[in-house]
Amino acid sequence: MKKTIILSMLLGTLLLSGCSCVRNNDDKSNDNNDDNATVITDEAVVGEKNVNGITFENTTFKVEDGVSSIITKVTNRSGAAFTLENYQMTITDKDGKVLTILTSTVNENLEIDEEKSYITPCNLDLSKAARVEYSVNVTIPE
């Protein structure tokens, strides 16, 4: 009887320690993925910009393994509801050279003071981005 209890406790201890090792390895692999990422925080890239009463702010500008992902918060401060058809981001480097022009097709209504976030993926390494300028295509409902 004592052997069964001791064997059960030993097996339970080994099982618990094995699970914690797996968790630690998972956490380390997630940290390694972040080591390959470049997050741009320069105000000229992620800062708030206003185009015709529409406020744009890149809440995330991340480059990982040569692929860029941009999350842009768009807020309607124009004083009127409208349909945002699309917006373009002209991304330049520190010398003013255009790295790319990205178009995000939206086709959504934005009410006054409404805020939405949009993800723009890009298969380019935009880690040298130093500035983002916006232009918009909107339709104002009658």
# chains A, B, ... in the order shown; residues from 1 in each chain; ligands from 1
$ residues_around --residues "Asn107 in chain A" --least-positions-apart "3" --cutoff "12 Å" --atoms "only C-alpha atoms" --output "number ranges by chain"
A: 82-87, 104, 110, 118, 136-139
$ residues_around --residues "Thr100 in chain A" --least-positions-apart "4" --cutoff "8 Å" --atoms "only C-alpha atoms" --output "list of chain:residue names"
A:Thr90, A:Ile91, A:Thr92
$ write_last_selection --atoms "C-alpha atoms" --output "PDB file, in the first residue's frame"
ATOM      1  CA  THR A  90       2.482  57.295 -48.579  1.00  0.00           C
ATOM      2  CA  ILE A  91       5.398  55.938 -46.571  1.00  0.00           C
ATOM      3  CA  THR A  92       8.787  57.618 -46.942  1.00  0.00           C
TER       4      THR A  92
END
$ residues_around --residues "Glu133 in chain A" --least-positions-apart "2" --cutoff "12 Å" --atoms "only C-alpha atoms" --output "ChimeraX atom specification"
/A:44-51,55-58,87-93,96,98-103,129-131,135-136
$ select_by_dssp --residues "range 34-141 of chain A" --states "alpha helix (DSSP H)" --output "PyMOL selection string"
chain A and resi 34-35+43-46
$ residues_around --residues "Asn36 in chain A" --least-positions-apart "6" --cutoff "10 Å" --atoms "only C-alpha atoms" --output "ChimeraX atom specification"
/A:63-66
$ residues_around --residues "Ser78 in chain A" --least-positions-apart "2" --cutoff "6 Å" --atoms "only C-alpha atoms" --output "ChimeraX atom specification"
/A:53,76,80
$ write_last_selection --atoms "C-alpha atoms" --output "short mmCIF file (atom, residue, chain, number, x, y, z; two decimals), in the first residue's frame"
data_model
loop_
_atom_site.label_atom_id
_atom_site.label_comp_id
_atom_site.auth_asym_id
_atom_site.auth_seq_id
_atom_site.Cartn_x
_atom_site.Cartn_y
_atom_site.Cartn_z
CA GLY A 53 -11.48 66.35 -40.52
CA ASN A 76 -14.38 61.02 -37.99
CA ALA A 80 -20.64 65.08 -40.77
#
$ atom_distance --atom1 "CA of Val74 in chain A" --atom2 "CA of Ile54 in chain A"
6.9 Å
$ atom_distance --atom1 "CA of Ala81 in chain A" --atom2 "CA of Val132 in chain A"
25.0 Å
$ atom_distance --atom1 "CA of Tyr134 in chain A" --atom2 "CA of Asn109 in chain A"
18.5 Å
